[in-house]
$ cat run35.cif   # mmCIF, C-alpha atoms
data_model
#
loop_
_atom_site.label_atom_id
_atom_site.label_comp_id
_atom_site.auth_asym_id
_atom_site.auth_seq_id
_atom_site.Cartn_x
_atom_site.Cartn_y
_atom_site.Cartn_z
CA MET R 1 24.30 23.12 10.73
CA SER R 2 26.59 20.42 9.35
CA ASP R 3 27.34 19.18 12.87
CA ASN R 4 23.63 19.09 13.47
CA VAL R 5 23.03 17.07 10.32
CA LYS R 6 25.71 14.58 11.29
CA GLU R 7 24.18 14.24 14.72
CA ILE R 8 20.71 13.56 13.28
CA ILE R 9 22.15 10.91 10.98
CA VAL R 10 24.25 9.15 13.63
CA ASN R 11 21.48 9.33 16.23
CA GLY R 12 18.76 8.10 13.92
CA PHE R 13 20.69 5.25 12.42
CA TRP R 14 22.93 4.00 15.20
CA LYS R 15 23.29 5.79 18.52
CA ASN R 16 19.58 6.09 19.20
CA ASN R 17 18.41 3.23 16.97
CA GLY R 18 14.68 2.68 17.34
CA VAL R 19 15.00 -1.05 17.84
CA PHE R 20 18.39 -1.53 19.51
CA VAL R 21 18.26 1.37 21.96
CA GLN R 22 14.73 2.71 22.28
CA MET R 23 13.21 -0.77 21.99
CA LEU R 24 10.22 0.65 20.15
CA GLY R 25 8.15 -0.99 17.46
CA MET R 26 8.69 -4.46 18.87
CA CYS R 27 5.49 -5.86 17.34
CA PRO R 28 6.59 -5.59 13.68
CA THR R 29 10.22 -6.21 14.67
CA LEU R 30 9.45 -9.61 16.14
CA GLY R 31 6.42 -10.42 14.04
CA VAL R 32 7.40 -9.98 10.41
CA THR R 33 11.11 -10.83 10.45
CA THR R 34 10.82 -14.47 9.43
CA SER R 35 12.92 -13.64 6.36
CA ALA R 36 15.30 -10.91 5.26
CA GLU R 37 12.95 -9.90 2.48
CA ASN R 38 10.07 -9.33 4.89
CA GLY R 39 12.36 -7.31 7.14
CA ILE R 40 13.48 -5.01 4.36
CA GLY R 41 9.92 -4.58 3.05
CA MET R 42 8.49 -3.74 6.45
CA GLY R 43 11.42 -1.43 7.19
CA LEU R 44 11.02 0.53 3.98
CA ALA R 45 7.24 0.79 4.38
CA THR R 46 7.71 2.11 7.91
CA MET R 47 10.35 4.53 6.67
CA SER R 48 8.01 5.98 4.04
CA VAL R 49 5.35 6.57 6.68
CA LEU R 50 7.92 8.02 9.06
CA VAL R 51 9.31 10.50 6.50
CA GLY R 52 5.81 11.60 5.50
CA SER R 53 4.47 11.96 9.03
CA ASN R 54 7.62 13.71 10.27
CA MET R 55 7.38 16.18 7.40
CA VAL R 56 3.70 17.01 7.91
CA VAL R 57 3.91 17.09 11.71
CA SER R 58 6.81 19.52 11.44
CA MET R 59 4.86 21.68 8.95
CA VAL R 60 1.80 21.95 11.19
CA ARG R 61 3.66 22.08 14.51
CA LYS R 62 2.84 25.77 15.02
CA ALA R 63 -0.79 25.50 13.92
CA VAL R 64 -1.73 22.56 16.13
CA PRO R 65 -2.07 23.55 19.80
CA ASN R 66 -0.40 21.42 22.46
CA ASP R 67 -3.66 20.14 23.95
CA VAL R 68 -4.71 18.21 20.85
CA ARG R 69 -1.35 17.47 19.31
CA ILE R 70 -1.38 13.71 20.01
CA PRO R 71 -4.76 13.00 18.33
CA ALA R 72 -3.77 15.27 15.44
CA PHE R 73 -0.47 13.38 15.02
CA ILE R 74 -2.31 10.06 15.09
CA ILE R 75 -4.66 11.23 12.33
CA ILE R 76 -1.69 12.33 10.22
CA ILE R 77 0.12 9.03 10.79
CA ALA R 78 -3.00 6.97 10.10
CA ALA R 79 -3.57 8.88 6.86
CA PHE R 80 -0.02 8.15 5.70
CA VAL R 81 -0.31 4.48 6.60
CA THR R 82 -3.52 4.22 4.57
CA ILE R 83 -1.85 5.95 1.63
CA ILE R 84 1.11 3.52 1.78
CA ASP R 85 -1.28 0.58 2.14
CA LEU R 86 -3.29 1.60 -0.93
CA ALA R 87 -0.20 2.49 -2.96
CA MET R 88 1.52 -0.81 -2.16
CA ASN R 89 -1.63 -2.75 -2.98
CA ALA R 90 -1.83 -0.97 -6.31
CA PHE R 91 1.80 -0.91 -7.42
CA VAL R 92 3.71 -3.67 -5.57
CA HIS R 93 0.91 -6.16 -5.21
CA ASP R 94 3.09 -9.19 -4.42
CA LEU R 95 4.92 -7.52 -1.55
CA HIS R 96 1.60 -6.24 -0.28
CA LYS R 97 0.32 -9.80 -0.12
CA VAL R 98 3.21 -10.77 2.15
CA LEU R 99 3.16 -7.71 4.41
CA GLY R 100 -0.52 -6.84 4.05
CA LEU R 101 -1.45 -7.93 7.53
CA PHE R 102 1.25 -5.82 9.15
CA ILE R 103 0.87 -2.57 7.22
CA PRO R 104 -2.08 -1.27 9.28
CA LEU R 105 -0.03 -1.98 12.40
CA ILE R 106 2.45 0.72 11.38
CA VAL R 107 -0.11 3.18 12.82
CA VAL R 108 0.63 1.95 16.32
CA ASN R 109 4.38 1.64 15.80
CA CYS R 110 5.70 3.75 18.66
CA ILE R 111 8.79 4.78 16.70
CA ILE R 112 6.60 6.91 14.45
CA LEU R 113 4.61 8.65 17.15
CA GLY R 114 7.81 8.86 19.17
CA ARG R 115 9.68 10.71 16.42
CA ALA R 116 6.67 12.97 15.73
CA GLU R 117 6.47 13.89 19.40
CA ALA R 118 10.16 14.02 20.30
CA PHE R 119 11.62 15.46 17.11
CA ALA R 120 9.30 16.67 14.37
CA SER R 121 7.10 18.77 16.66
CA LYS R 122 10.15 20.79 17.72
CA ASN R 123 12.31 20.96 14.59
CA THR R 124 12.38 22.35 11.06
CA VAL R 125 10.81 20.54 8.12
CA MET R 126 14.15 19.65 6.52
CA GLY R 127 15.57 18.37 9.79
CA SER R 128 12.47 16.28 10.40
CA ILE R 129 12.62 14.71 6.95
CA LEU R 130 16.29 13.88 7.52
CA ASP R 131 15.46 12.41 10.93
CA GLY R 132 12.67 10.36 9.35
CA VAL R 133 14.97 8.99 6.65
CA PHE R 134 17.72 7.93 9.04
CA THR R 135 15.52 6.68 11.85
CA GLY R 136 13.70 4.73 9.14
CA LEU R 137 16.96 3.38 7.72
CA GLY R 138 18.05 2.37 11.22
CA PHE R 139 14.76 0.51 11.66
CA THR R 140 15.14 -1.12 8.23
CA PHE R 141 18.71 -2.14 9.09
CA ALA R 142 17.59 -3.70 12.38
CA LEU R 143 14.71 -5.60 10.77
CA THR R 144 16.79 -6.80 7.84
CA LEU R 145 19.57 -7.98 10.17
CA LEU R 146 17.13 -9.83 12.40
CA GLY R 147 15.34 -11.25 9.37
CA SER R 148 18.63 -12.44 7.85
CA VAL R 149 19.77 -14.14 11.05
CA ARG R 150 16.43 -15.90 11.45
CA GLU R 151 16.24 -16.90 7.80
CA ILE R 152 19.80 -18.27 7.73
CA LEU R 153 19.44 -20.24 10.96
CA GLY R 154 15.79 -21.15 10.59
CA SER R 155 15.51 -22.15 6.95
CA GLY R 156 19.10 -22.15 5.66
CA GLN R 157 18.34 -19.44 3.13
CA LEU R 158 19.03 -15.76 2.59
CA PHE R 159 16.66 -13.68 0.47
CA GLY R 160 15.19 -16.98 -0.69
CA HIS R 161 18.52 -18.42 -1.92
CA VAL R 162 19.50 -21.76 -0.44
CA LEU R 163 22.86 -21.38 1.30
CA PHE R 164 23.80 -24.83 2.46
CA GLY R 165 23.80 -28.37 1.10
CA ALA R 166 20.98 -30.82 1.51
CA ASP R 167 22.48 -32.14 4.77
CA PHE R 168 21.87 -28.85 6.57
CA GLN R 169 19.18 -29.19 9.21
CA PRO R 170 17.72 -25.74 9.86
CA ALA R 171 16.85 -24.81 13.44
CA LEU R 172 13.16 -24.26 12.85
CA GLY R 173 12.73 -22.52 16.19
CA PHE R 174 14.31 -19.40 14.74
CA ILE R 175 11.46 -18.97 12.28
CA LEU R 176 8.91 -19.38 15.06
CA PRO R 177 8.14 -16.56 17.52
CA PRO R 178 10.53 -17.69 20.32
CA GLY R 179 13.40 -17.54 17.82
CA ALA R 180 12.66 -13.86 17.24
CA PHE R 181 13.25 -13.07 20.91
CA ILE R 182 16.40 -15.20 21.11
CA ALA R 183 17.90 -13.76 17.92
CA LEU R 184 17.06 -10.20 18.96
CA GLY R 185 18.71 -10.83 22.34
CA PHE R 186 21.96 -11.88 20.72
CA ILE R 187 21.86 -8.97 18.29
CA LEU R 188 21.35 -6.54 21.20
CA MET R 189 24.30 -8.12 22.99
CA THR R 190 26.49 -7.63 19.93
CA TYR R 191 25.31 -4.04 19.57
CA LYS R 192 26.22 -3.24 23.19
CA TRP R 193 29.56 -5.00 22.79
CA ILE R 194 30.47 -2.94 19.71
CA ASN R 195 29.48 0.28 21.47
CA GLU R 196 31.43 -0.55 24.61
CA ARG R 197 34.50 -1.51 22.67
CA SER R 198 34.52 1.74 20.73
CA ALA R 199 33.91 3.69 23.97
CA ASN R 200 36.88 1.97 25.62
CA LYS R 201 39.15 2.79 22.72
CA SER R 202 38.48 6.53 22.80
CA MET P 1 -15.05 30.61 21.65
CA PRO P 2 -14.69 28.20 24.57
CA HIS P 3 -11.41 26.32 24.72
CA PHE P 4 -12.81 22.82 24.16
CA LEU P 5 -14.76 23.98 21.11
CA LYS P 6 -11.68 25.55 19.57
CA MET P 7 -9.72 22.32 20.08
CA GLY P 8 -12.56 20.31 18.61
CA VAL P 9 -12.72 22.50 15.54
CA ILE P 10 -8.97 22.21 14.98
CA LEU P 11 -9.15 18.41 15.21
CA MET P 12 -12.09 18.43 12.84
CA VAL P 13 -10.14 20.45 10.29
CA VAL P 14 -7.19 18.04 10.56
CA GLY P 15 -9.57 15.12 10.10
CA LEU P 16 -11.29 16.70 7.12
CA ILE P 17 -8.02 17.43 5.33
CA ALA P 18 -6.79 13.88 5.95
CA THR P 19 -10.09 12.46 4.68
CA ALA P 20 -9.97 14.58 1.54
CA ILE P 21 -6.43 13.46 0.74
CA LEU P 22 -7.31 9.80 1.38
CA ALA P 23 -10.37 10.06 -0.88
CA GLY P 24 -8.10 11.36 -3.62
CA VAL P 25 -5.53 8.59 -3.17
CA GLU P 26 -8.26 5.95 -3.10
CA GLY P 27 -9.57 7.30 -6.40
CA ILE P 28 -6.13 7.10 -8.00
CA THR P 29 -5.33 3.59 -6.73
CA ARG P 30 -8.75 1.99 -7.22
CA GLU P 31 -8.19 1.05 -10.85
CA PRO P 32 -4.62 -0.33 -10.42
CA ILE P 33 -5.71 -2.38 -7.39
CA ALA P 34 -8.66 -3.88 -9.27
CA GLN P 35 -6.33 -4.56 -12.18
CA SER P 36 -3.70 -6.36 -10.07
CA GLN P 37 -6.40 -8.44 -8.41
CA ARG P 38 -7.85 -9.36 -11.78
CA GLN P 39 -4.38 -10.20 -13.07
CA GLU P 40 -3.73 -12.33 -10.00
CA LEU P 41 -6.96 -14.23 -10.59
CA LEU P 42 -6.11 -14.75 -14.26
CA ASN P 43 -2.63 -16.03 -13.36
CA ALA P 44 -4.06 -18.43 -10.81
CA LEU P 45 -6.71 -19.66 -13.27
CA ALA P 46 -4.07 -20.19 -15.95
CA LYS P 47 -2.17 -22.40 -13.49
CA VAL P 48 -5.06 -24.66 -12.51
CA LEU P 49 -7.09 -24.87 -15.71
CA PRO P 50 -5.95 -26.99 -18.66
CA ALA P 51 -4.93 -25.18 -21.83
CA GLY P 52 -7.21 -25.06 -24.85
CA PHE P 53 -10.45 -23.46 -23.67
CA ASP P 54 -11.87 -20.77 -25.90
CA ASN P 55 -14.16 -18.80 -23.56
CA SER P 56 -13.41 -16.41 -20.73
CA PRO P 57 -13.81 -18.30 -17.43
CA VAL P 58 -13.85 -15.04 -15.48
CA GLU P 59 -16.97 -13.90 -17.32
CA ASP P 60 -18.55 -17.36 -17.46
CA GLN P 61 -18.84 -17.72 -13.71
CA VAL P 62 -21.61 -18.89 -11.43
CA GLN P 63 -21.95 -18.42 -7.68
CA LEU P 64 -22.62 -21.58 -5.70
CA ALA P 65 -22.45 -22.44 -2.02
CA ASP P 66 -22.00 -25.65 -0.10
CA LYS P 67 -20.74 -26.72 3.30
CA ARG P 68 -18.08 -28.89 1.70
CA ILE P 69 -16.49 -25.98 -0.14
CA ASN P 70 -16.18 -23.83 2.93
CA ARG P 71 -17.49 -24.29 6.41
CA GLN P 72 -19.70 -21.22 6.37
CA ALA P 73 -21.35 -22.36 3.12
CA LYS P 74 -20.45 -18.97 1.67
CA GLU P 75 -21.06 -18.45 -2.05
CA VAL P 76 -17.93 -18.78 -4.16
CA PRO P 77 -17.50 -18.18 -7.87
CA PHE P 78 -17.06 -21.19 -10.17
CA TYR P 79 -15.00 -20.21 -13.21
CA ARG P 80 -16.05 -22.38 -16.13
CA ALA P 81 -13.78 -23.17 -19.05
CA ARG P 82 -15.44 -24.35 -22.25
CA LYS P 83 -14.31 -25.34 -25.69
CA GLY P 84 -16.75 -24.73 -28.51
CA GLY P 85 -19.46 -24.37 -25.86
CA ALA P 86 -18.85 -27.82 -24.36
CA PRO P 87 -17.83 -27.97 -20.68
CA MET P 88 -14.12 -28.59 -20.33
CA ALA P 89 -13.09 -27.75 -16.77
CA VAL P 90 -14.05 -25.60 -13.83
CA ALA P 91 -11.98 -23.78 -11.23
CA PHE P 92 -13.26 -22.86 -7.78
CA LEU P 93 -12.01 -21.95 -4.36
CA VAL P 94 -12.18 -24.49 -1.54
CA SER P 95 -11.29 -23.57 2.00
CA ALA P 96 -9.62 -25.81 4.59
CA PRO P 97 -10.65 -24.71 8.08
CA ASP P 98 -8.53 -27.32 9.86
CA GLY P 99 -5.00 -26.12 9.06
CA TYR P 100 -2.49 -25.16 11.71
CA SER P 101 -3.47 -21.48 11.81
CA GLY P 102 -6.42 -19.97 10.02
CA ASN P 103 -8.08 -20.98 6.79
CA ILE P 104 -6.13 -22.31 3.83
CA ASP P 105 -7.75 -21.19 0.58
CA ILE P 106 -7.06 -23.42 -2.40
CA LEU P 107 -8.09 -22.80 -5.99
CA ILE P 108 -8.70 -26.15 -7.63
CA GLY P 109 -9.25 -26.95 -11.28
CA VAL P 110 -11.34 -30.01 -12.18
CA ASP P 111 -11.96 -31.29 -15.69
CA SER P 112 -15.30 -32.63 -16.88
CA LEU P 113 -14.24 -36.20 -16.04
CA GLY P 114 -13.66 -35.30 -12.41
CA ALA P 115 -9.84 -35.31 -12.47
CA LEU P 116 -7.81 -32.44 -11.03
CA THR P 117 -6.06 -30.25 -13.56
CA GLY P 118 -4.17 -28.31 -10.91
CA ILE P 119 -4.34 -26.77 -7.46
CA GLN P 120 -3.00 -23.47 -6.27
CA ILE P 121 -2.76 -22.36 -2.63
CA VAL P 122 -4.18 -18.85 -2.76
CA SER P 123 -3.82 -17.79 0.84
CA HIS P 124 -2.67 -19.35 4.08
CA ALA P 125 -1.07 -18.46 7.40
CA GLU P 126 0.79 -21.70 8.07
CA THR P 127 4.10 -21.79 9.92
CA PRO P 128 7.04 -20.59 7.80
CA GLY P 129 9.53 -23.41 7.27
CA LEU P 130 7.03 -26.13 8.19
CA GLY P 131 3.48 -25.88 6.94
CA ASN P 132 4.28 -23.32 4.27
CA LYS P 133 6.12 -25.99 2.29
CA ILE P 134 2.75 -26.45 0.61
CA VAL P 135 3.60 -23.31 -1.35
CA LYS P 136 7.41 -23.28 -1.19
CA THR P 137 7.84 -26.69 -2.83
CA ASP P 138 6.18 -28.30 -5.81
CA TRP P 139 4.07 -30.41 -3.49
CA PRO P 140 0.80 -29.22 -5.14
CA LYS P 141 1.91 -30.84 -8.42
CA ALA P 142 1.19 -34.27 -6.91
CA PHE P 143 -2.52 -33.51 -7.26
CA VAL P 144 -2.55 -33.15 -11.04
CA GLY P 145 -4.52 -35.94 -12.69
CA LYS P 146 -5.89 -37.28 -9.40
CA SER P 147 -9.59 -37.98 -9.12
CA LEU P 148 -11.85 -39.53 -6.49
CA LYS P 149 -11.52 -42.88 -8.25
CA ASN P 150 -7.79 -43.14 -8.91
CA ALA P 151 -6.26 -41.90 -5.66
CA LYS P 152 -6.27 -42.64 -1.96
CA TRP P 153 -7.31 -39.31 -0.45
CA ALA P 154 -5.19 -39.01 2.66
CA VAL P 155 -1.60 -38.22 3.60
CA LYS P 156 0.78 -41.17 3.74
CA LYS P 157 0.73 -41.18 7.52
CA ASP P 158 -3.03 -41.85 7.39
CA GLY P 159 -2.66 -44.57 4.78
CA GLY P 160 -3.16 -42.37 1.73
CA GLU P 161 -0.79 -41.43 -1.04
CA PHE P 162 0.01 -37.76 -0.51
CA ASP P 163 3.31 -36.75 1.13
CA GLN P 164 3.33 -35.02 4.46
CA PHE P 165 6.36 -33.02 5.62
CA ALA P 166 8.66 -33.84 8.50
CA GLY P 167 7.21 -31.93 11.44
CA ALA P 168 4.14 -30.81 9.54
CA THR P 169 1.31 -33.24 8.97
CA ILE P 170 -1.64 -31.06 9.91
CA THR P 171 -1.27 -28.68 6.98
CA PRO P 172 -1.05 -31.25 4.16
CA ARG P 173 -3.81 -33.27 5.80
CA ALA P 174 -6.06 -30.20 5.82
CA VAL P 175 -5.30 -29.43 2.17
CA VAL P 176 -5.89 -33.01 1.05
CA GLY P 177 -9.18 -33.08 2.95
CA ALA P 178 -10.41 -29.79 1.48
CA VAL P 179 -9.51 -30.80 -2.08
CA LYS P 180 -11.26 -34.12 -1.61
CA ARG P 181 -14.44 -32.43 -0.36
CA GLY P 182 -14.28 -30.09 -3.35
CA LEU P 183 -14.10 -33.08 -5.70
CA GLU P 184 -17.01 -34.74 -3.95
CA TYR P 185 -19.10 -31.65 -4.35
CA PHE P 186 -18.14 -31.46 -8.02
CA ALA P 187 -19.01 -35.12 -8.62
CA GLU P 188 -22.50 -34.67 -7.21
CA ASN P 189 -23.26 -31.30 -8.75
CA GLN P 190 -21.48 -31.36 -12.07
CA ASP P 191 -24.64 -30.66 -14.04
CA LYS P 192 -25.59 -27.74 -11.87
CA ILE P 193 -22.08 -26.32 -12.04
CA PHE P 194 -21.87 -26.40 -15.83
CA LYS P 195 -25.47 -25.76 -16.79
CA THR P 196 -26.50 -22.85 -14.57
CA PRO P 197 -26.49 -19.87 -16.94
CA ALA P 198 -23.84 -17.31 -16.11
CA ALA P 199 -26.29 -14.43 -16.39
CA GLU P 200 -28.49 -15.80 -13.64
CA SER P 201 -25.91 -15.28 -10.93
CA ALA P 202 -23.85 -12.46 -12.40
CA LYS P 203 -24.12 -9.37 -10.29
#

$ encode --input "run35.cif" --output "structure tokens"
Amino acid sequence: MSDNVKEIIVNGFWKNNGVFVQMLGMCPTLGVTTSAENGIGMGLATMSVLVGSNMVVSMVRKAVPNDVRIPAFIIIIAAFVTIIDLAMNAFVHDLHKVLGLFIPLIVVNCIILGRAEAFASKNTVMGSILDGVFTGLGFTFALTLLGSVREILGSGQLFGHVLFGADFQPALGFILPPGAFIALGFILMTYKWINERSANKS
Amino acid sequence: MPHFLKMGVILMVVGLIATAILAGVEGITREPIAQSQRQELLNALAKVLPAGFDNSPVEDQVQLADKRINRQAKEVPFYRARKGGAPMAVAFLVSAPDGYSGNIDILIGVDSLGALTGIQIVSHAETPGLGNKIVKTDWPKAFVGKSLKNAKWAVKKDGGEFDQFAGATITPRAVVGAVKRGLEYFAENQDKIFKTPAAESAK
């Protein structure tokens, strides 16, 4: 069991990272990451949905027949997204104002349906929750990293704090949509490089 | 039971359970959401209205509509601030349709002499790092005290007196234009704005 747990953690967070490896959920990844704060907010919101939907999908996996499992999963996911949307609007109103537009899009984030289909529908409740937490953390990590890179290069700030002197000319392109693709490309390159280096060593 | 019917029933049950849970959550969050929205409105009003009024502008509101306030001539609330019953200032939402992306909604406060007491950008979708400097800097402060008579209502590039930003002229130009139209509407309809009884339009 402990090997299994380790595998779930490593796979979810790094080896099978939703953004870096599976290339899923590109819409929020590229769309909201204009700042590190947005990245972390979107990542955590997605993680809450992912943990909830993984848990429920795993609980009902024996009751829902194969033929209708996809629509049933979508209903479960949509219900969780609506709950998160309402809860954020009620309790973290300011963050909701920033991310509001993107919250409903979590429904169509393929990472969530992907984990429901590939993992939660075949595994125990505890395992699915664990998978949800670490896949979610991996997604949050990816979004925060991309958001930080874009915020530093594009506006010279990190989490809203000005980093450089007044002479610094930010490369505005990184805040705009093309910058998202360019920054993600370089991050992917670094990710592959780290993996290859550690593979060569062992 | 035929196969398709069984599947349909299962989906229906899943849907019903989800709906029931959502109805419950909506019931729990309805009050906090309304409260945060009210708080947000109060905060925004406190920023654009001058201090010293002794009524509740949120309750003393009147719904008015005009093409100059927003392009669709949609009714918007006018929040009226009074002192001892005398009109002091009013806050209302103007909408700039000609920004870089989407509408820019601006809450403006105007005193009874027609001078701005403050503006607050309520919502916008302008480019981060360029157009969104209208909220990230203290650019809106430049509007305080300006009226139709004492200011040139255009950005500097167009011969006016309001700053534009390097690489972003469209956004400030749109805001300046919308605020100016709001002031024009106020100047022509001041009596109507202050004298329409609140009860008449309250829902």

$ closest_residue --input "run35.cif" --among "P:Leu130, P:Ile69, P:Val155, P:Ile17" --to "Val179 (chain P)" --atoms "only C-alpha atoms"
P:Ile69

$ closest_atom_pairs --input "run35.cif" --of "chain R" --to "chain P" --cutoff "9 Å" --atoms "all atoms listed in the file" --output "JSON lines"
{"residue": "R:Thr34", "atom": "CA", "partner": "P:Pro128", "partner_atom": "CA", "distance": 7.4}
{"residue": "R:Ala63", "atom": "CA", "partner": "P:Ile10", "partner_atom": "CA", "distance": 8.9}
{"residue": "R:Val64", "atom": "CA", "partner": "P:Ile10", "partner_atom": "CA", "distance": 7.3}
{"residue": "R:Pro65", "atom": "CA", "partner": "P:Met7", "partner_atom": "CA", "distance": 7.8}
{"residue": "R:Asp67", "atom": "CA", "partner": "P:Met7", "partner_atom": "CA", "distance": 7.5}
{"residue": "R:Val68", "atom": "CA", "partner": "P:Met7", "partner_atom": "CA", "distance": 6.5}
{"residue": "R:Arg69", "atom": "CA", "partner": "P:Leu11", "partner_atom": "CA", "distance": 8.9}
{"residue": "R:Pro71", "atom": "CA", "partner": "P:Leu11", "partner_atom": "CA", "distance": 7.6}
{"residue": "R:Ala72", "atom": "CA", "partner": "P:Leu11", "partner_atom": "CA", "distance": 6.2}
{"residue": "R:Ile75", "atom": "CA", "partner": "P:Gly15", "partner_atom": "CA", "distance": 6.6}
{"residue": "R:Ile76", "atom": "CA", "partner": "P:Ala18", "partner_atom": "CA", "distance": 6.8}
{"residue": "R:Ala78", "atom": "CA", "partner": "P:Ala18", "partner_atom": "CA", "distance": 8.9}
{"residue": "R:Ala79", "atom": "CA", "partner": "P:Ala18", "partner_atom": "CA", "distance": 6.0}
{"residue": "R:Phe80", "atom": "CA", "partner": "P:Leu22", "partner_atom": "CA", "distance": 8.6}
{"residue": "R:Thr82", "atom": "CA", "partner": "P:Leu22", "partner_atom": "CA", "distance": 7.5}
{"residue": "R:Ile83", "atom": "CA", "partner": "P:Val25", "partner_atom": "CA", "distance": 6.6}
{"residue": "R:Leu86", "atom": "CA", "partner": "P:Thr29", "partner_atom": "CA", "distance": 6.5}
{"residue": "R:Ala87", "atom": "CA", "partner": "P:Thr29", "partner_atom": "CA", "distance": 6.5}
{"residue": "R:Asn89", "atom": "CA", "partner": "P:Ile33", "partner_atom": "CA", "distance": 6.0}
{"residue": "R:Ala90", "atom": "CA", "partner": "P:Ile33", "partner_atom": "CA", "distance": 4.3}
{"residue": "R:Phe91", "atom": "CA", "partner": "P:Pro32", "partner_atom": "CA", "distance": 7.1}
{"residue": "R:His93", "atom": "CA", "partner": "P:Ser36", "partner_atom": "CA", "distance": 6.7}
{"residue": "R:Gly154", "atom": "CA", "partner": "P:Gly129", "partner_atom": "CA", "distance": 7.4}
{"residue": "R:Ser155", "atom": "CA", "partner": "P:Gly129", "partner_atom": "CA", "distance": 6.1}
{"residue": "R:Pro170", "atom": "CA", "partner": "P:Gly129", "partner_atom": "CA", "distance": 8.9}
{"residue": "R:Leu172", "atom": "CA", "partner": "P:Gly129", "partner_atom": "CA", "distance": 6.7}
{"residue": "R:Ile175", "atom": "CA", "partner": "P:Pro128", "partner_atom": "CA", "distance": 6.5}
{"residue": "R:Leu176", "atom": "CA", "partner": "P:Thr127", "partner_atom": "CA", "distance": 7.4}

$ closest_residue --input "run35.cif" --among "P:Arg80, P:Lys149, P:Lys156, P:Lys136" --to "Val110 (chain P)" --atoms "all atoms listed in the file"
P:Arg80

$ closest_atom_pairs --input "run35.cif" --of "region 80-174 of chain P" --to "region 45-68 of chain P" --cutoff "8 Å" --atoms "only C-alpha atoms" --output "tab-separated table"
residue	atom	partner	partner_atom	distance
P:Arg80	CA	P:Pro57	CA	4.8
P:Ala81	CA	P:Pro57	CA	5.1
P:Arg82	CA	P:Phe53	CA	5.3
P:Lys83	CA	P:Phe53	CA	4.7
P:Gly84	CA	P:Asp54	CA	6.8
P:Met88	CA	P:Phe53	CA	7.1
P:Ala89	CA	P:Leu49	CA	6.7
P:Val90	CA	P:Leu49	CA	7.2
P:Ala91	CA	P:Leu49	CA	6.7
P:Leu107	CA	P:Val48	CA	7.4
P:Ile108	CA	P:Val48	CA	6.3
P:Gly109	CA	P:Val48	CA	4.9
P:Val110	CA	P:Leu49	CA	7.5
P:Asp111	CA	P:Pro50	CA	8.0
P:Thr117	CA	P:Val48	CA	5.8
P:Gly118	CA	P:Val48	CA	4.1
P:Ile119	CA	P:Val48	CA	5.5
P:Gln120	CA	P:Val48	CA	6.7

$ resolve_selection --input "run35.cif" --expression "the PyMOL selection byres ((chain R and resi 140) around 7)" --output "list in words"
Gly39, Ile40, Gly43, Leu44, Gly136, Leu137, Gly138, Phe139, Phe141, Ala142, Leu143 and Thr144 of chain R

$ atom_distance --input "run35.cif" --atom1 "CA of Arg173 (chain P)" --atom2 "CA of Ile104 (chain P)"
11.4 Å

$ resolve_selection --input "run35.cif" --expression "the PyMOL selection byres ((chain P and resi 171) around 10)" --output "VMD selection string"
chain P and resid 96 98 to 101 104 124 126 to 127 130 to 134 164 to 165 168 to 170 172 to 177

$ resolve_selection --input "run35.cif" --expression "the PyMOL selection byres ((chain R and resi 57) around 7)" --output "list in words"
Ser53, Asn54, Met55, Val56, Ser58, Met59, Val60, Arg61, Phe73, Ala116, Ala120 and Ser121 of chain R

$ axis_aligned_box --input "run35.cif" --around "region 172-180 of chain P" --padding-each-side "5 Å" --output "AutoDock Vina command-line options"
--center_x -6.2 --center_y -31.8 --center_z 1.9 --size_x 20.2 --size_y 14.7 --size_z 17.9

$ atom_distance --input "run35.cif" --atom1 "CA of Gly102 (chain P)" --atom2 "CA of Ala151 (chain P)"
27.0 Å

$ residues_near_point --input "run35.cif" --point "(-10.2, -35.6, -3.8)" --cutoff "8 Å" --atoms "all atoms listed in the file" --output "number ranges by chain"
P: 146-148, 151, 153, 176-184

$ residues_near_point --input "run35.cif" --point "(9.7, -7.0, 15.7)" --cutoff "10 Å" --atoms "all atoms listed in the file" --output "list of chain:residue names"
R:Val19, R:Met23, R:Leu24, R:Gly25, R:Met26, R:Cys27, R:Pro28, R:Thr29, R:Leu30, R:Gly31, R:Val32, R:Thr33, R:Thr34, R:Gly39, R:Met42, R:Phe139, R:Ala142, R:Leu143, R:Leu146, R:Gly147, R:Pro177, R:Ala180, R:Phe181, R:Leu184

$ atom_distance --input "run35.cif" --atom1 "CA of Ile121 (chain P)" --atom2 "CA of Gly85 (chain P)"
28.7 Å

$ closest_residue --input "run35.cif" --among "P:Ala166, P:Val9, P:Ala187, P:Ala125" --to "Val98 (chain R)" --atoms "all atoms listed in the file"
P:Ala125

$ closest_residue --input "run35.cif" --among "R:Phe186, R:Phe164, R:Tyr191, R:Phe134" --to "Phe20 (chain R)" --atoms "only C-alpha atoms"
R:Tyr191
